[in-house]
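What follows is a set of notes on a single structure, which appears directly below.
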Amino acid sequence: MVSLAVDETNLSEGLRAASAASAMLVLGLLFDHPDFSWAAIGAFWTCLADAAGTRRMRFVSMAGFGLLSTLAGGVAALAAGHGVAAAALAVLLFSWAGALARIWGAAAAQVAILAATACVVMVTHPLYSLAQALPFLAIYLSGCLFATVLSFTVWRIHPYGPSRQAIRTAYLRLAGIARDNARYLAKAGDQAGGGAHGASYRSQARAALEAARVALAAVPPSRAGHSAPYDKLLLALSDAERIFAYLIAVTHSCERERQRLRHDPRARRSLAAMALLLRRLGLALRRHPETPLLPLQRRLAACGRRLEAALGALLPLRLNVAFMELDLPRTERLPWRLAAAQALAQGWQTLGVNASLQSLGWRHAARVALTTTSAFLLVELLRIPFGYWATMATLLILQPSVSTTWPRGIERVAGSIAGALLAVLIGLVIHTPLAISLVVFPMIVATMALRRVSYSLHVMFMTPAFVLVADYAMPASEMAYAFSRLGNNVLGCVLALLATFFLWPDREADDLEPRLAGAVSANLKYLLAVLAVGGKWDASIARQRREAGLASNNAEQVLQRLRIERRLDRSAGVGLAALRTLPLLRRVAGSTARISLSPDALPATPVLQQWIAAVGSEIDALLRGDPQVPSPGDCLATDLSPLQADAVAQVLMLRILLRQQLGVRGVLA
């Protein structure tokens, strides 16, 4: 349930946020003004609002958050000065708007939900007049602006920074596949667990490669055109796609030859060495982009030759292929006025489409608003100290579906417990404002650096950071702060989970059947495309393989969501079919990858291609619930190569499995 992705650690991001927040605390210490703790919080939130991408996107997200949170937070604080009813209305309005922003995409949702968080926190700091509000809001806004200026002047992100980081992550995920195969060959037991585990690694690698494609497509044309660094990254991504196909074929070979390979250490050693080299390649691309990659690539190719000999299969690893095959989508960079007008027009159109009770985004926003306001009224009614932590937890945890709210709630509670204990230990030895300013620095570094590693670790370090900043503004017992935060976080998690289950409990659509049909169709199309050309790698084959991988990933995500929501048993025979079909599709993809990477593979005969196309049509009809589709019978193709025979065997297994499983719901007579 608690996830870790250690390779996603970003120390630079943590140092930037910590420098901005700690500088505000030091200013407060110099001027003896505790309200600068709000400037520190604003600086921290502004760094969280940074939407990685182009400089324009980053600036709009950070500066936009600063202005939006100042205005909305000021209104919420002034409303709180006029009574609980006005404050509750402000919480209702801003939490609804923050949650509704999800309809405009991840970047807008990130900024809006953080601005809503600022509102539910500032509502506990009532302001009674505009004259009182202006100095307070100016101090808060100064922290937001300082963090923005710091990010674009002293602590700038390199134009290729996000793409380098994304490609590094892709290589690290590929290293994970190689390492997983080495472990798979080393351990005893049946093959089922290994296959499931390998599917998870492949899914993560596919997602990382897609993220790298998006990051490269976001590089401004002025930097991308005729640029050696950009071409180097593009070629590295092309190699990563090729290595991914190679590792899929290797995984398939390991599964088929496991009993023999368990007693041959050469394969395990080669895979372990390959994992290390892929990791080094990723780190070199991220940290030392000027370093030539050829020495590492030659060692990787040599490692591939040793692995090929150990597997006893013809699987050459070719690198430095043409990068045009990636077919990256690029968007035209418009002048900022035209881009702003276009974004506003598209945003208004999206709002109009979602302005309905049938919209999942609209219902989610209403759920978040009512639950967050209920949490606020509850803590006000019971006079719970530091109750804004409960409303903040409710706002941040509540997701559109049970499958995402439940894990996030568990991770937040776990992080809060560990963070509360850490805050108590720090409070035993730290008492002065200067010491607090110094200790906050490493806490914020860890909070920001680990936010993509694990939500639990992010919350664990954020808890003592917030406790210490609160103590800076209003000195009190760290133990009281820490355990109040823990209790309020638990309360917020409980309210969020109750709302998810009982307040319009509309789960996401059970679209497992079309997703499964799409995955089967995409993988069989990929197989047909490869059989038609044999051992040939071109742009169309790469595109078919990518579409097959994405379709399998989508179906697996729906299956996982249904399992978490305990709705798998309601999906008739399709749920049971998906549990066994999706791992088999991974093996079909592995068999296909072996054919495409084999230089000796010849195009299949028309008889074989027609038979696989007919089986694909039959399976598609079965998944649609059509029992009248004619059966193509057995494969009559002769003189099949071993690789083609393996592919035919996988397709036969897939066909038999779906006939058996879908027969449960009466599709077949």
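Within each chain, counting starts at residue 1; across the structure tokens, chains are named A, B, ... in the order shown, with ligands numbered 1 upward in that order.
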Check which residues of range 116-233 of chain A sit at most 10 Å from range 385-395 of chain A using only C-alpha atoms, and return one row each with the closest pair of atoms and their distance in Å to one decimal, ordered by chain and rising number, as a Markdown table.
```
| residue | atom | partner | partner_atom | distance |
| --- | --- | --- | --- | --- |
| A:Ala116 | CA | A:Leu395 | CA | 8.2 |
| A:Thr117 | CA | A:Met392 | CA | 6.0 |
| A:Ala118 | CA | A:Met392 | CA | 8.8 |
| A:Cys119 | CA | A:Met392 | CA | 9.4 |
| A:Val120 | CA | A:Tyr388 | CA | 6.5 |
| A:Val121 | CA | A:Tyr388 | CA | 5.6 |
| A:Met122 | CA | A:Tyr388 | CA | 8.7 |
| A:Val123 | CA | A:Tyr388 | CA | 8.3 |
| A:Thr124 | CA | A:Tyr388 | CA | 6.9 |
```
Mind writing the picked residues with N, CA and C atoms as a compact mmCIF listing (two decimals), in the first residue's frame?
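Final output, saved to again01.txt:
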```txt
# COMPACT_ATOMS: atom_id res chain seq x y z
N ALA A 116 -6.45 26.38 -2.38
CA ALA A 116 -7.54 26.04 -1.46
C ALA A 116 -6.99 25.65 -0.09
N THR A 117 -5.85 24.96 -0.07
CA THR A 117 -5.21 24.62 1.20
C THR A 117 -4.83 25.88 1.97
N ALA A 118 -4.29 26.87 1.25
CA ALA A 118 -3.96 28.14 1.90
C ALA A 118 -5.20 28.77 2.52
N CYS A 119 -6.33 28.64 1.84
CA CYS A 119 -7.57 29.22 2.37
C CYS A 119 -8.02 28.54 3.66
N VAL A 120 -7.99 27.19 3.69
CA VAL A 120 -8.48 26.50 4.88
C VAL A 120 -7.51 26.67 6.04
N VAL A 121 -6.26 27.04 5.76
CA VAL A 121 -5.33 27.35 6.85
C VAL A 121 -5.50 28.79 7.31
N MET A 122 -5.62 29.73 6.37
CA MET A 122 -5.75 31.15 6.73
C MET A 122 -7.08 31.46 7.39
N VAL A 123 -8.06 30.61 7.19
CA VAL A 123 -9.36 30.87 7.81
C VAL A 123 -9.27 30.76 9.33
N THR A 124 -8.19 30.13 9.81
CA THR A 124 -7.97 30.04 11.26
C THR A 124 -7.21 31.26 11.78
```
Subject >> All alpha helix (DSSP H) positions in range 221-459 of chain A, as a ChimeraX atom specification >> reply: /A:221-224,228-256,258-261,265-287,294-311,336-354,360-381,388-397,402-427,433-449,455-459
**OP:** Would you list the contacts of Ala39 in chain A as a ChimeraX atom specification, taking every protein, DNA or RNA residue within 9 Å and counting only C-alpha atoms, but skipping same-chain residues closer than 2 positions in sequence?
**Re:** /A:21,24-25,28,35-37,41-44,137-144
Would you put the residues from that selection into a file with N, CA and C atoms, as a compact mmCIF listing (two decimals), in the first residue's frame?
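selection.txt was written with the following content:
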```
# COMPACT_ATOMS: atom_id res chain seq x y z
N ALA A 21 12.19 29.05 2.22
CA ALA A 21 11.43 29.08 3.47
C ALA A 21 12.30 29.52 4.65
N MET A 24 12.94 33.27 4.88
CA MET A 24 11.83 34.01 5.47
C MET A 24 11.82 33.91 7.00
N LEU A 25 12.15 32.75 7.51
CA LEU A 25 12.23 32.59 8.97
C LEU A 25 13.36 33.44 9.56
N GLY A 28 12.24 36.97 9.72
CA GLY A 28 11.37 37.14 10.88
C GLY A 28 12.14 37.24 12.17
N ASP A 35 5.02 36.91 12.11
CA ASP A 35 4.19 36.68 10.93
C ASP A 35 5.00 36.23 9.72
N PHE A 36 6.33 36.36 9.79
CA PHE A 36 7.14 35.86 8.69
C PHE A 36 7.10 34.33 8.59
N SER A 37 6.56 33.68 9.62
CA SER A 37 6.34 32.23 9.48
C SER A 37 5.35 31.95 8.36
N ILE A 41 5.79 29.66 5.01
CA ILE A 41 4.81 28.68 4.52
C ILE A 41 4.45 28.99 3.07
N GLY A 42 4.28 30.28 2.74
CA GLY A 42 3.98 30.67 1.37
C GLY A 42 5.09 30.28 0.40
N ALA A 43 6.35 30.46 0.83
CA ALA A 43 7.48 30.07 -0.02
C ALA A 43 7.49 28.57 -0.26
N PHE A 44 7.20 27.80 0.79
CA PHE A 44 7.17 26.34 0.68
C PHE A 44 6.05 25.90 -0.27
N LEU A 137 -1.04 40.04 4.55
CA LEU A 137 -1.02 39.44 3.22
C LEU A 137 0.23 39.85 2.44
N ALA A 138 0.73 41.06 2.69
CA ALA A 138 1.97 41.48 2.02
C ALA A 138 3.14 40.61 2.46
N ILE A 139 3.20 40.28 3.73
CA ILE A 139 4.27 39.42 4.23
C ILE A 139 4.15 38.03 3.61
N TYR A 140 2.93 37.49 3.59
CA TYR A 140 2.72 36.16 2.99
C TYR A 140 3.11 36.17 1.52
N LEU A 141 2.65 37.20 0.77
CA LEU A 141 2.94 37.27 -0.66
C LEU A 141 4.43 37.44 -0.92
N SER A 142 5.13 38.13 -0.01
CA SER A 142 6.57 38.30 -0.18
C SER A 142 7.28 36.95 -0.18
N GLY A 143 6.82 36.01 0.65
CA GLY A 143 7.41 34.66 0.65
C GLY A 143 7.16 33.94 -0.66
N CYS A 144 5.94 34.07 -1.18
CA CYS A 144 5.62 33.43 -2.47
C CYS A 144 6.47 34.01 -3.60
```
**OP:** Find the residues near Phe441 in chain A: any atom within 12 Å, counting only C-alpha atoms, skip ones fewer than 3 places away on the same chain, and give them as a PyMOL selection string.
**Re:** chain A and resi 14-26+40+44+434-438+444-448+461-462+464-466+468-469
**OP:** Within 8 Å of Thr148 in chain A, counting only C-alpha atoms, which residues show up once you throw out same-chain ones fewer than 4 positions away? Write them as number ranges by chain, please.
**Re:** A: 46-47, 59, 62-63, 144, 152
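Distance annotation: of A:Ile595, A:Leu100, A:Leu247, A:Ala267, the residue with the minimal separation from Ala186 in chain A is A:Ala267; atom set is only C-alpha atoms.
For the choices A:Thr638, A:Asn489, A:Gln644, A:Ser631, the atom-to-atom distance to Leu528 in chain A is smallest for A:Gln644 when using only C-alpha atoms.
Considering only C-alpha atoms, the residue among A:Leu67, A:Ala593, A:Leu498, A:Leu145 positioned nearest to Leu531 in chain A is A:Ala593.
Between CA of Ala249 in chain A and CA of Gly590 in chain A lies a distance of 4.7 Å.
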**OP:** Just the residues within 10 Å of range 87-99 of chain A, please, counting only C-alpha atoms, with nothing from its chain fewer than 6 positions along; format it as a ChimeraX atom specification.
**Re:** /A:72-73,75-81,108-121,123-124,126,361-377,380,391-392,395-396,398-400
Original post:
Do you know which residues are at most 12 Å from Glu618 in chain A counting only C-alpha atoms, after dropping those on the same chain fewer than 3 positions away, and could you put them as JSON, numbers by chain?
Top reply: {"A": [517, 520, 521, 524, 611, 612, 613, 614, 615, 621, 622, 623, 624, 625, 626, 627, 628, 629, 630, 631, 632, 633, 651, 652, 654, 655, 656, 658, 659, 668]}
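With only C-alpha atoms as the atoms that count, the residue of A:Arg580, A:Val353, A:Arg258, A:Glu241 with the shortest distance to Ile541 in chain A is A:Glu241.
Compared by their closest atoms to Ala542 in chain A, and using only C-alpha atoms, the residues A:Thr605, A:Ser253, A:Gln610, A:Ser238 rank with A:Ser238 nearest.
When CA of Ala275 in chain A is paired with CA of Lys232 in chain A, their separation reads 21.2 Å.
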